[in-house]
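Below you'll find the structure, written out as structure tokens, and then a few comments.
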Amino acid sequence: MAFVTPAQALLIIPTFDSTITSNANAGAYEAAINTAVETIDGLYSNPGTVQVLFEYNSAVNGQSDTTEYSLSYTDYTNLLTAASTAHPRNTVLSTAVANLSAGNKASTIDATSALLRVGLGLNAATGCLNAAGVCGTGGTYDSIVSVGNVGFSSNGPGLNIDAVSVLEHELDEVLGGGGTGTTLGQNANGAIGPTDLYRYQSSGSTCADVDSTPSYTTDSSAVACYSIDGGKTSLVQMNEAGGGSDYGDFANVGPAEIQDAFDPGPTPLYTDASPEFTMMESIGYDAPEPATLAMFSGAITGLGWLRRRRTRRA
């Protein structure tokens with residue numbers, strides 16, 4: 001009998017900065033980081049490694065400083081389409097791709113190095129940050145994640161400790177979802193982000209009234225909704241609070257979620273039933289069969305690195 005060896009799945013490689021290893025709670029921070037990393041590694045089967053430097057910063061709750069690249073809208077959506085074709089069992093992605101024409105469009109898409117390289121198979125999109133957060137010679141980190149004075153106490157069965165929720169929130173952003181998935185509120189020169197493709201307006205006060213009109217606004221009175229089916233139904237309501245909070249995160253309405261823009265307190269464990277999981281599937285993660293994504297063979301032009309800092313508010 002012949003056996004097929006599965007492809008290597010997602011592997012986030014953590015490096016602990018001296019601000020973590022010398023911290024009085026070093027063991028608790030390292031354990032929380034490892035838990036968050038292992039959880040996300042276990043959820044997404046895209047093969048590849050992601051290099052992340054973790055540091056302590058008392059001025060933040062959680063923050064990610066991430067390498068990004070710009071692609072044309074056509075090249076980026078071709079990558080999405082290739083990923084969907086290679087993994088037809090990812091029905092979230094196939095639905096999202098089928099409805100791209102209804103969503104926001106722009107000449108350029110800005111996406112993280114991890115999403116392009118690991119999620120979508122574009123090997124040229126490498127991490128370039130060094131320990132000082134500068135993209136240059138010798139820099140290999142896809143992101144630097146900072147964590148502050150977070151809680152380490154158990155919140156009970158089925159719930160994360162605060163530190164793990166914060167770290168999973170930031171790791172989603174390293175992989176290209178959440179705050180890094182949008183360019184709203186940034187001087188992006190006309191570019192949009194991967195999750196902006198699925199942002200729709202609501203005609204009412206909640207996302208029960210989501211409609212087919214794309215939403216790309218910083219208006220705090222607007223109700224923006226995440227929809228993979230062209231605005232027919234909504235996954236979650238998106239943050240529109242402004243004030244430096246991330247428009248790519250979830251609005252703090254309803255049950256507490258890991259990707260909420262403001263720390264919501266105890267959140268459920270991150271599983272394949274979490275809305276964050278669906279969000280990540282829609283941008284190219286979670287091929288149910290562990291196989292390497294087919295790499296788009298067309299020419300990718302104008303690939304140039306960027307850098308974006310995103311912060312979760314306490």
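Every chain in the structure tokens takes a letter, A first, then B, and so on in the order presented; its residues are numbered from 1, and the ligands are numbered from 1 following the presented order.
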Problem - Near-region 137-151 of chain A list (6 Å; only C-alpha atoms; drop same-chain fewer than 3 positions) as a PyMOL selection string - result: chain A and resi 51-58+60-67+127-130+162-163
Practice task
Could you pull out the residues in region 46-284 of chain A that DSSP calls strand (DSSP E) from the backbone, as a VMD selection string?
Solution key: chain A and resid 48 to 56 62 to 72 108 to 112 143 to 147 199 to 202 210 to 214 224 to 226 236 to 238
Atoms to include: N, CA and C atoms. Write the selected residues as a short mmCIF file (atom, residue, chain, number, x, y, z; two decimals), in the first residue's frame.
```cif
data_model
loop_
_atom_site.label_atom_id
_atom_site.label_comp_id
_atom_site.auth_asym_id
_atom_site.auth_seq_id
_atom_site.Cartn_x
_atom_site.Cartn_y
_atom_site.Cartn_z
N GLY A 48 4.53 26.37 4.96
CA GLY A 48 5.48 27.47 4.96
C GLY A 48 5.77 27.96 6.37
N THR A 49 6.83 28.72 6.51
CA THR A 49 7.23 29.25 7.81
C THR A 49 7.06 30.76 7.85
N VAL A 50 6.75 31.25 9.05
CA VAL A 50 6.57 32.68 9.29
C VAL A 50 7.45 33.05 10.48
N GLN A 51 8.34 34.00 10.29
CA GLN A 51 9.29 34.39 11.33
C GLN A 51 8.74 35.60 12.09
N VAL A 52 8.60 35.45 13.41
CA VAL A 52 8.05 36.53 14.24
C VAL A 52 8.94 36.75 15.45
N LEU A 53 9.32 38.01 15.68
CA LEU A 53 10.05 38.39 16.88
C LEU A 53 9.03 38.93 17.89
N PHE A 54 9.04 38.38 19.09
CA PHE A 54 8.14 38.83 20.15
C PHE A 54 8.92 39.66 21.17
N GLU A 55 8.33 40.82 21.53
CA GLU A 55 8.97 41.70 22.50
C GLU A 55 7.94 42.22 23.49
N TYR A 56 8.44 42.68 24.63
CA TYR A 56 7.59 43.29 25.65
C TYR A 56 7.62 44.79 25.50
N GLY A 62 -1.35 45.10 22.74
CA GLY A 62 -0.75 44.25 21.72
C GLY A 62 -0.52 45.08 20.47
N GLN A 63 0.55 44.77 19.75
CA GLN A 63 0.89 45.55 18.55
C GLN A 63 1.70 44.69 17.60
N SER A 64 1.47 44.87 16.30
CA SER A 64 2.27 44.16 15.30
C SER A 64 2.85 45.15 14.31
N ASP A 65 4.10 44.96 13.98
CA ASP A 65 4.82 45.78 13.01
C ASP A 65 5.27 44.83 11.91
N THR A 66 4.66 44.95 10.73
CA THR A 66 4.68 43.85 9.77
C THR A 66 5.15 44.26 8.39
N THR A 67 5.92 43.38 7.75
CA THR A 67 6.34 43.58 6.36
C THR A 67 5.16 43.41 5.43
N GLU A 68 4.99 44.35 4.50
CA GLU A 68 3.93 44.26 3.52
C GLU A 68 4.47 44.53 2.12
N TYR A 69 3.74 44.06 1.13
CA TYR A 69 4.08 44.27 -0.27
C TYR A 69 2.85 44.77 -1.01
N SER A 70 3.10 45.45 -2.14
CA SER A 70 2.03 45.92 -3.01
C SER A 70 2.00 45.11 -4.30
N LEU A 71 0.82 44.65 -4.68
CA LEU A 71 0.59 43.97 -5.95
C LEU A 71 -0.55 44.68 -6.67
N SER A 72 -0.60 44.53 -7.97
CA SER A 72 -1.75 45.04 -8.69
C SER A 72 -2.99 44.24 -8.28
N THR A 108 -4.33 48.71 -6.66
CA THR A 108 -3.28 48.03 -5.90
C THR A 108 -3.84 47.41 -4.64
N ILE A 109 -3.28 46.25 -4.27
CA ILE A 109 -3.59 45.59 -3.01
C ILE A 109 -2.31 45.54 -2.18
N ASP A 110 -2.39 45.97 -0.92
CA ASP A 110 -1.28 45.84 0.02
C ASP A 110 -1.55 44.65 0.93
N ALA A 111 -0.59 43.71 1.00
CA ALA A 111 -0.79 42.50 1.80
C ALA A 111 0.51 42.13 2.51
N THR A 112 0.38 41.41 3.62
CA THR A 112 1.57 41.06 4.40
C THR A 112 2.40 40.01 3.67
N SER A 143 7.35 39.86 10.94
CA SER A 143 6.69 40.80 11.84
C SER A 143 7.38 40.84 13.18
N ILE A 144 7.21 41.97 13.86
CA ILE A 144 7.59 42.11 15.27
C ILE A 144 6.30 42.32 16.05
N VAL A 145 6.01 41.42 16.97
CA VAL A 145 4.79 41.52 17.78
C VAL A 145 5.17 41.95 19.19
N SER A 146 4.55 43.03 19.64
CA SER A 146 4.77 43.54 20.99
C SER A 146 3.57 43.21 21.86
N VAL A 147 3.84 42.84 23.09
CA VAL A 147 2.78 42.54 24.04
C VAL A 147 3.08 43.27 25.34
N ARG A 199 -15.77 44.03 2.36
CA ARG A 199 -16.36 45.00 3.29
C ARG A 199 -17.58 45.66 2.62
N TYR A 200 -18.76 45.50 3.25
CA TYR A 200 -20.01 46.01 2.68
C TYR A 200 -20.74 46.87 3.71
N GLN A 201 -21.58 47.77 3.21
CA GLN A 201 -22.31 48.65 4.10
C GLN A 201 -23.62 48.00 4.55
N SER A 202 -24.15 48.53 5.64
CA SER A 202 -25.47 48.14 6.11
C SER A 202 -26.39 49.35 6.00
N VAL A 210 -27.17 44.22 6.09
CA VAL A 210 -26.09 44.37 5.12
C VAL A 210 -26.66 44.34 3.70
N ASP A 211 -26.07 45.15 2.82
CA ASP A 211 -26.54 45.13 1.44
C ASP A 211 -25.35 45.00 0.49
N SER A 212 -25.60 45.09 -0.79
CA SER A 212 -24.59 44.77 -1.79
C SER A 212 -23.70 45.95 -2.16
N THR A 213 -23.76 47.03 -1.37
CA THR A 213 -22.93 48.21 -1.65
C THR A 213 -21.60 48.10 -0.90
N PRO A 214 -20.47 48.10 -1.61
CA PRO A 214 -19.17 48.03 -0.91
C PRO A 214 -18.98 49.20 0.05
N ALA A 224 -20.27 48.95 8.89
CA ALA A 224 -19.58 48.15 7.88
C ALA A 224 -19.61 46.69 8.29
N CYS A 225 -19.77 45.81 7.31
CA CYS A 225 -19.97 44.39 7.57
C CYS A 225 -19.04 43.55 6.71
N TYR A 226 -18.59 42.42 7.25
CA TYR A 226 -17.72 41.50 6.52
C TYR A 226 -18.60 40.46 5.84
N VAL A 236 -19.42 39.32 10.41
CA VAL A 236 -19.28 40.16 11.61
C VAL A 236 -19.44 41.62 11.21
N GLN A 237 -19.65 42.46 12.21
CA GLN A 237 -19.61 43.91 12.00
C GLN A 237 -18.18 44.37 12.19
N MET A 238 -17.73 45.28 11.31
CA MET A 238 -16.36 45.77 11.35
C MET A 238 -16.25 47.05 12.18
#
```
Handout entry: Residues near Thr182 (chain A), cut-off 10 Å, only C-alpha atoms, skip fewer than 6 positions along chain, as a PyMOL selection string
Key = chain A and resi 109-111+176+188+191-197+199+216+246-249
Problem - Computed interatomic separation between CA of Leu175 (chain A) and CA of Arg117 (chain A) (Å) - result: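 Interatomic distance here is 9.8 Å.
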Exercise for the section: Report the distance between CA of Thr278 (chain A) and CA of Ile33 (chain A) in Å, rounded to one decimal place. Expected result: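 Going from CA of Thr278 (chain A) over to CA of Ile33 (chain A) covers 22.4 Å.
Of note, CA of Ser282 (chain A) and CA of Ser205 (chain A) are spaced 24.9 Å apart.
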Problem - Expected answer as a VMD selection string: helix (DSSP H, G or I) residues in region 145-187 of chain A - result: chain A and resid 162 to 174 178 to 181
Practice task
Would you mind listing what lies within 12 Å of Pro157 (chain A) as a VMD selection string, with only C-alpha atoms counted and same-chain residues fewer than 5 positions away left out?
Solution key: chain A and resid 266 to 269
Handout entry: A:Asn160, A:Ser113, A:Thr74, A:Ser154 ranked by distance to Leu100 (chain A), top pick (using only C-alpha atoms)
Key =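 Ranking A:Asn160, A:Ser113, A:Thr74, A:Ser154 by distance to Leu100 (chain A), first place goes to A:Thr74.
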